[in-house]
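**Student:** Dropping in final_11.pdb, with PDB, C-alpha atoms, pLDDT in the B column.
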ATOM      1  CA  MET A   1     131.751 117.887 114.514  1.00 49.00           C
ATOM      2  CA  ARG A   2     131.647 117.321 110.752  1.00 49.00           C
ATOM      3  CA  SER A   3     132.590 113.650 111.142  1.00 48.00           C
ATOM      4  CA  VAL A   4     129.865 113.178 113.760  1.00 42.00           C
ATOM      5  CA  ILE A   5     127.278 114.630 111.338  1.00 43.00           C
ATOM      6  CA  SER A   6     128.581 112.368 108.547  1.00 42.00           C
ATOM      7  CA  PHE A   7     128.398 109.376 110.853  1.00 39.00           C
ATOM      8  CA  LEU A   8     124.821 110.233 111.913  1.00 39.00           C
ATOM      9  CA  PHE A   9     123.890 110.708 108.239  1.00 40.00           C
ATOM     10  CA  LEU A  10     125.245 107.246 107.412  1.00 40.00           C
ATOM     11  CA  LEU A  11     123.420 105.672 110.353  1.00 42.00           C
ATOM     12  CA  THR A  12     120.180 107.312 109.256  1.00 46.00           C
ATOM     13  CA  PHE A  13     120.264 106.818 105.481  1.00 43.00           C
ATOM     14  CA  LEU A  14     122.473 103.780 104.898  1.00 41.00           C
ATOM     15  CA  PRO A  15     119.789 101.308 106.004  1.00 47.00           C
ATOM     16  CA  LEU A  16     117.360 102.962 103.576  1.00 46.00           C
ATOM     17  CA  CYS A  17     119.842 102.699 100.717  1.00 46.00           C
ATOM     18  CA  THR A  18     120.599  99.054 101.369  1.00 46.00           C
ATOM     19  CA  ALA A  19     116.904  98.243 101.700  1.00 49.00           C
ATOM     20  CA  VAL A  20     116.257  99.764  98.282  1.00 50.00           C
ATOM     21  CA  ALA A  21     119.206  97.899  96.774  1.00 47.00           C
ATOM     22  CA  LYS A  22     117.976  94.453  97.847  1.00 47.00           C
ATOM     23  CA  PRO A  23     116.142  92.508  95.163  1.00 51.00           C
ATOM     24  CA  VAL A  24     112.400  92.498  95.679  1.00 47.00           C
ATOM     25  CA  GLN A  25     111.013  88.966  95.927  1.00 50.00           C
ATOM     26  CA  PRO A  26     107.436  88.353  94.860  1.00 54.00           C
ATOM     27  CA  ASP A  27     105.088  87.698  97.698  1.00 81.00           C
ATOM     28  CA  SER A  28     104.656  83.927  97.890  1.00 85.00           C
ATOM     29  CA  LEU A  29     100.927  84.252  98.564  1.00 88.00           C
ATOM     30  CA  LEU A  30     100.473  86.471  95.512  1.00 87.00           C
ATOM     31  CA  ARG A  31     102.462  84.016  93.416  1.00 89.00           C
ATOM     32  CA  GLU A  32     100.333  81.114  94.651  1.00 93.00           C
ATOM     33  CA  GLU A  33      97.153  83.091  93.992  1.00 95.00           C
ATOM     34  CA  ALA A  34      98.301  83.984  90.472  1.00 96.00           C
ATOM     35  CA  ARG A  35      99.338  80.418  89.673  1.00 96.00           C
ATOM     36  CA  THR A  36      96.009  79.039  90.869  1.00 97.00           C
ATOM     37  CA  ALA A  37      94.090  81.600  88.781  1.00 97.00           C
ATOM     38  CA  ILE A  38      96.244  80.967  85.695  1.00 98.00           C
ATOM     39  CA  ASP A  39      95.880  77.194  85.988  1.00 98.00           C
ATOM     40  CA  ALA A  40      92.089  77.625  86.260  1.00 98.00           C
ATOM     41  CA  GLY A  41      92.142  80.041  83.318  1.00 98.00           C
ATOM     42  CA  ASN A  42      94.084  77.567  81.192  1.00 98.00           C
ATOM     43  CA  LYS A  43      91.605  74.802  82.062  1.00 98.00           C
ATOM     44  CA  GLN A  44      88.785  77.137  81.068  1.00 98.00           C
ATOM     45  CA  TRP A  45      90.594  77.942  77.788  1.00 98.00           C
ATOM     46  CA  ILE A  46      90.867  74.233  76.956  1.00 98.00           C
ATOM     47  CA  ALA A  47      87.252  73.413  77.887  1.00 97.00           C
ATOM     48  CA  SER A  48      85.941  76.463  76.023  1.00 97.00           C
ATOM     49  CA  TYR A  49      87.798  75.604  72.817  1.00 96.00           C
ATOM     50  CA  GLU A  50      86.796  71.955  72.968  1.00 96.00           C
ATOM     51  CA  ASN A  51      83.131  72.896  73.587  1.00 96.00           C
ATOM     52  CA  GLY A  52      82.954  75.738  71.058  1.00 96.00           C
ATOM     53  CA  ASP A  53      82.334  78.296  73.824  1.00 97.00           C
ATOM     54  CA  VAL A  54      83.574  81.644  72.477  1.00 98.00           C
ATOM     55  CA  THR A  55      82.242  83.516  75.525  1.00 98.00           C
ATOM     56  CA  GLY A  56      84.324  81.298  77.824  1.00 98.00           C
ATOM     57  CA  ILE A  57      87.503  82.422  76.067  1.00 98.00           C
ATOM     58  CA  VAL A  58      86.521  86.091  75.877  1.00 98.00           C
ATOM     59  CA  SER A  59      85.708  86.144  79.612  1.00 98.00           C
ATOM     60  CA  LEU A  60      89.339  85.314  80.397  1.00 98.00           C
ATOM     61  CA  PHE A  61      90.458  88.670  78.975  1.00 98.00           C
ATOM     62  CA  ALA A  62      90.464  92.091  80.622  1.00 98.00           C
ATOM     63  CA  PRO A  63      88.129  94.553  78.868  1.00 97.00           C
ATOM     64  CA  ASP A  64      91.107  96.127  77.084  1.00 96.00           C
ATOM     65  CA  GLY A  65      92.936  92.799  76.612  1.00 98.00           C
ATOM     66  CA  CYS A  66      94.361  91.794  73.260  1.00 98.00           C
ATOM     67  CA  MET A  67      95.448  88.813  71.206  1.00 98.00           C
ATOM     68  CA  LEU A  68      98.509  89.297  69.028  1.00 97.00           C
ATOM     69  CA  GLY A  69      98.572  87.229  65.868  1.00 90.00           C
ATOM     70  CA  SER A  70     100.808  86.526  62.943  1.00 85.00           C
ATOM     71  CA  LYS A  71     101.548  89.262  60.410  1.00 85.00           C
ATOM     72  CA  GLY A  72     101.013  91.956  63.022  1.00 90.00           C
ATOM     73  CA  ARG A  73      97.335  91.230  63.631  1.00 93.00           C
ATOM     74  CA  VAL A  74      95.991  92.691  66.853  1.00 96.00           C
ATOM     75  CA  SER A  75      92.563  91.782  68.211  1.00 97.00           C
ATOM     76  CA  ARG A  76      91.760  94.143  71.073  1.00 98.00           C
ATOM     77  CA  GLY A  77      88.653  94.189  73.217  1.00 98.00           C
ATOM     78  CA  PRO A  78      85.819  91.687  73.634  1.00 98.00           C
ATOM     79  CA  GLU A  79      84.253  92.096  70.182  1.00 98.00           C
ATOM     80  CA  ALA A  80      87.508  91.711  68.239  1.00 98.00           C
ATOM     81  CA  ILE A  81      88.658  88.796  70.415  1.00 98.00           C
ATOM     82  CA  SER A  82      85.260  87.123  69.976  1.00 98.00           C
ATOM     83  CA  GLU A  83      85.526  87.414  66.179  1.00 97.00           C
ATOM     84  CA  ARG A  84      89.051  86.027  66.195  1.00 97.00           C
ATOM     85  CA  VAL A  85      88.235  83.122  68.500  1.00 97.00           C
ATOM     86  CA  SER A  86      85.090  82.310  66.481  1.00 97.00           C
ATOM     87  CA  ALA A  87      87.172  82.140  63.296  1.00 95.00           C
ATOM     88  CA  ASN A  88      89.753  79.917  65.028  1.00 94.00           C
ATOM     89  CA  MET A  89      87.040  77.604  66.325  1.00 95.00           C
ATOM     90  CA  GLN A  90      85.534  77.346  62.843  1.00 95.00           C
ATOM     91  CA  TYR A  91      88.940  76.464  61.436  1.00 92.00           C
ATOM     92  CA  PHE A  92      89.647  73.764  64.033  1.00 92.00           C
ATOM     93  CA  GLY A  93      86.114  72.377  63.977  1.00 89.00           C
ATOM     94  CA  ARG A  94      84.052  70.778  66.718  1.00 86.00           C
ATOM     95  CA  HIS A  95      86.392  67.871  67.433  1.00 90.00           C
ATOM     96  CA  VAL A  96      89.482  69.783  68.476  1.00 96.00           C
ATOM     97  CA  LYS A  97      91.724  68.545  71.305  1.00 97.00           C
ATOM     98  CA  VAL A  98      93.598  71.354  73.079  1.00 97.00           C
ATOM     99  CA  THR A  99      96.579  71.239  75.427  1.00 98.00           C
ATOM    100  CA  VAL A 100      98.097  74.163  77.297  1.00 97.00           C
ATOM    101  CA  LYS A 101     101.116  73.764  79.561  1.00 97.00           C
ATOM    102  CA  THR A 102     102.707  76.540  81.599  1.00 97.00           C
ATOM    103  CA  LEU A 103     106.500  76.358  81.418  1.00 97.00           C
ATOM    104  CA  LYS A 104     107.558  79.466  83.359  1.00 97.00           C
ATOM    105  CA  LEU A 105     105.831  82.113  85.411  1.00 97.00           C
ATOM    106  CA  TRP A 106     107.155  85.435  86.652  1.00 96.00           C
ATOM    107  CA  ILE A 107     105.283  87.771  88.990  1.00 95.00           C
ATOM    108  CA  VAL A 108     106.025  91.494  89.069  1.00 94.00           C
ATOM    109  CA  ASP A 109     103.708  93.341  91.434  1.00 92.00           C
ATOM    110  CA  THR A 110     100.212  92.420  90.183  1.00 94.00           C
ATOM    111  CA  THR A 111     101.283  91.302  86.710  1.00 97.00           C
ATOM    112  CA  ALA A 112     102.064  87.686  85.820  1.00 97.00           C
ATOM    113  CA  TYR A 113     104.138  86.748  82.775  1.00 98.00           C
ATOM    114  CA  GLU A 114     103.472  83.195  81.627  1.00 98.00           C
ATOM    115  CA  THR A 115     105.259  81.220  78.931  1.00 98.00           C
ATOM    116  CA  GLY A 116     104.183  77.801  77.798  1.00 98.00           C
ATOM    117  CA  GLU A 117     103.427  75.245  75.116  1.00 98.00           C
ATOM    118  CA  TYR A 118     100.138  74.713  73.314  1.00 97.00           C
ATOM    119  CA  SER A 119      98.669  72.357  70.753  1.00 97.00           C
ATOM    120  CA  TYR A 120      95.396  72.149  68.852  1.00 97.00           C
ATOM    121  CA  THR A 121      94.789  68.750  67.247  1.00 97.00           C
ATOM    122  CA  SER A 122      91.913  68.594  64.766  1.00 95.00           C
ATOM    123  CA  LEU A 123      90.679  66.953  61.590  1.00 89.00           C
ATOM    124  CA  GLN A 124      91.198  68.996  58.430  1.00 83.00           C
ATOM    125  CA  GLU A 125      89.762  67.418  55.277  1.00 83.00           C
ATOM    126  CA  GLY A 126      89.872  63.984  56.913  1.00 85.00           C
ATOM    127  CA  GLN A 127      93.490  64.337  58.053  1.00 90.00           C
ATOM    128  CA  GLU A 128      94.610  64.880  61.612  1.00 93.00           C
ATOM    129  CA  THR A 129      96.488  68.179  61.869  1.00 93.00           C
ATOM    130  CA  VAL A 130      98.357  69.632  64.795  1.00 96.00           C
ATOM    131  CA  ASP A 131      98.962  73.326  65.335  1.00 94.00           C
ATOM    132  CA  SER A 132     101.487  73.562  68.150  1.00 96.00           C
ATOM    133  CA  GLY A 133     104.062  75.933  69.518  1.00 96.00           C
ATOM    134  CA  TYR A 134     104.888  78.289  72.336  1.00 97.00           C
ATOM    135  CA  TYR A 135     102.967  81.189  73.808  1.00 97.00           C
ATOM    136  CA  THR A 136     103.388  84.159  76.097  1.00 98.00           C
ATOM    137  CA  THR A 137     100.429  85.394  78.105  1.00 98.00           C
ATOM    138  CA  ILE A 138     100.430  88.406  80.393  1.00 98.00           C
ATOM    139  CA  TRP A 139      97.872  88.321  83.187  1.00 98.00           C
ATOM    140  CA  LYS A 140      96.938  91.315  85.354  1.00 98.00           C
ATOM    141  CA  LYS A 141      95.183  91.242  88.699  1.00 97.00           C
ATOM    142  CA  GLN A 142      92.046  93.365  88.344  1.00 97.00           C
ATOM    143  CA  LYS A 143      90.509  95.710  90.912  1.00 96.00           C
ATOM    144  CA  ASP A 144      87.942  93.008  91.768  1.00 96.00           C
ATOM    145  CA  GLY A 145      90.781  90.532  92.514  1.00 95.00           C
ATOM    146  CA  ALA A 146      90.343  88.434  89.352  1.00 97.00           C
ATOM    147  CA  TRP A 147      93.359  87.656  87.174  1.00 98.00           C
ATOM    148  CA  LYS A 148      92.607  88.521  83.532  1.00 98.00           C
ATOM    149  CA  ILE A 149      94.629  88.277  80.334  1.00 98.00           C
ATOM    150  CA  ILE A 150      95.881  91.594  79.040  1.00 98.00           C
ATOM    151  CA  THR A 151      98.009  90.136  76.232  1.00 98.00           C
ATOM    152  CA  ASP A 152      98.103  86.690  74.631  1.00 98.00           C
ATOM    153  CA  MET A 153     100.340  85.705  71.760  1.00 97.00           C
ATOM    154  CA  SER A 154     101.855  82.743  70.021  1.00 93.00           C
ATOM    155  CA  VAL A 155     105.634  82.997  69.672  1.00 90.00           C
ATOM    156  CA  ASN A 156     106.318  80.600  66.836  1.00 79.00           C
TER     157      ASN A 156
END
Translate the structure of the given file into structure tokens.

**Tutor:**
Amino acid sequence: MRSVISFLFLLTFLPLCTAVAKPVQPDSLLREEARTAIDAGNKQWIASYENGDVTGIVSLFAPDGCMLGSKGRVSRGPEAISERVSANMQYFGRHVKVTVKTLKLWIVDTTAYETGEYSYTSLQEGQETVDSGYYTTIWKKQKDGAWKIITDMSVN
């Protein structure tokens, strides 16, 4: 009788255990949705920087989103991000050329982890300067379905 109960237990719970043990693959539709939103967000980032549109950058962030900068600087929330982006735009000037290129993208539930390369080419005191490097941006799908940045940082 005991072996029958053990056998029934295995038949009942073994499929549950193996289902939990299988790696969870991101939903391909969610991945496609995230990638489309991130690509559009990156295009908006580029256009906003090149047109001096601070609001365009700030609108990409979640209300509690943050930018992490060098020396431990953290700009959190729309007002702080706006101040930081305004200062960056002043530094680069009106004739900046921006590139952003996604290298890798991971999706975990409704969070997307993006790594990529960036460059800002501008004139500084009559000389062309290039600020380039790598970045990590974490995007989160919001309740309204929009993908917004919760964390953005350069990783140079």

**Student:** Once the PyMOL selection byres ((chain A and resi 60) around 9) is applied to the coordinates I shared, what remains selected? I want it as an MDAnalysis selection string.

**Tutor:** chainID A and resid 41 44:45 55:59 61:62 147:149

**Student:** My list of candidates is A:Ile150, A:Gly145, A:Lys140, A:Ser70. Which is closest to Asp109 of chain A when distances are computed with all atoms listed in the file?

**Tutor:**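 Going through A:Ile150, A:Gly145, A:Lys140, A:Ser70 one by one, the smallest distance to Asp109 of chain A is for A:Lys140.
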
**Student:** Put the listed atoms of segment 94-106 of chain A in a box along x, y and z with 3 Å added on every side and give me the centre and edge lengths in Å to one decimal, as AutoDock Vina command-line options.

**Tutor:**
--center_x 95.8 --center_y 76.7 --center_z 76.7 --size_x 29.5 --size_y 23.6 --size_z 25.9

**Student:** Using only C-alpha atoms for the distances, tell me which of A:Gly116, A:Gly133, A:Gly93, A:Gly77 is nearest to Asn51 of chain A.

**Tutor:**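 Using only C-alpha atoms, Asn51 of chain A sits closest to A:Gly93.
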
**Student:** Just how far from atom CA of Thr151 of chain A is atom CA of Tyr134 of chain A, in Å to one decimal?

**Tutor:**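 These atoms are spaced 14.2 Å apart.
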
**Student:** Between A:Ala37, A:Ala80, A:Val98, A:Met89, which residue has the minimum interatomic distance to Asp53 of chain A, considering all atoms listed in the file?

**Tutor:**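 The answer is A:Met89, which sits nearest to Asp53 of chain A.
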
**Student:** Separation of atom CA of Ala34 of chain A and atom CA of Glu114 of chain A, in Å?

**Tutor:** 10.3 Å

**Student:** Do you have the atom CA of Arg76 of chain A-atom CA of Val100 of chain A distance handy?

**Tutor:**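 Atom CA of Arg76 of chain A sits 21.9 Å away from atom CA of Val100 of chain A.
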
**Student:** Kindly indicate which residue among A:Arg35, A:Lys141, A:Ala47, A:Gly69 lies nearest to Arg84 of chain A, using all atoms listed in the file for the distances.

**Tutor:**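 Ranking A:Arg35, A:Lys141, A:Ala47, A:Gly69 by distance to Arg84 of chain A, first place goes to A:Gly69.
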
**Student:** Considering only C-alpha atoms, return as a ChimeraX atom specification whatever protein or nucleic-acid residues lie within 10 Å of Val96 of chain A, sequence-local ones (same chain, fewer than 6 positions apart) excluded.

**Tutor:** /A:46,49-52,89,119-123,128-130

**Student:** Which is closer to Leu103 of chain A than all the others in A:Ser154, A:Ser86, A:Thr115, A:Thr136, using only C-alpha atoms?

**Tutor:**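 Selected residue with least distance to Leu103 of chain A: A:Thr115.
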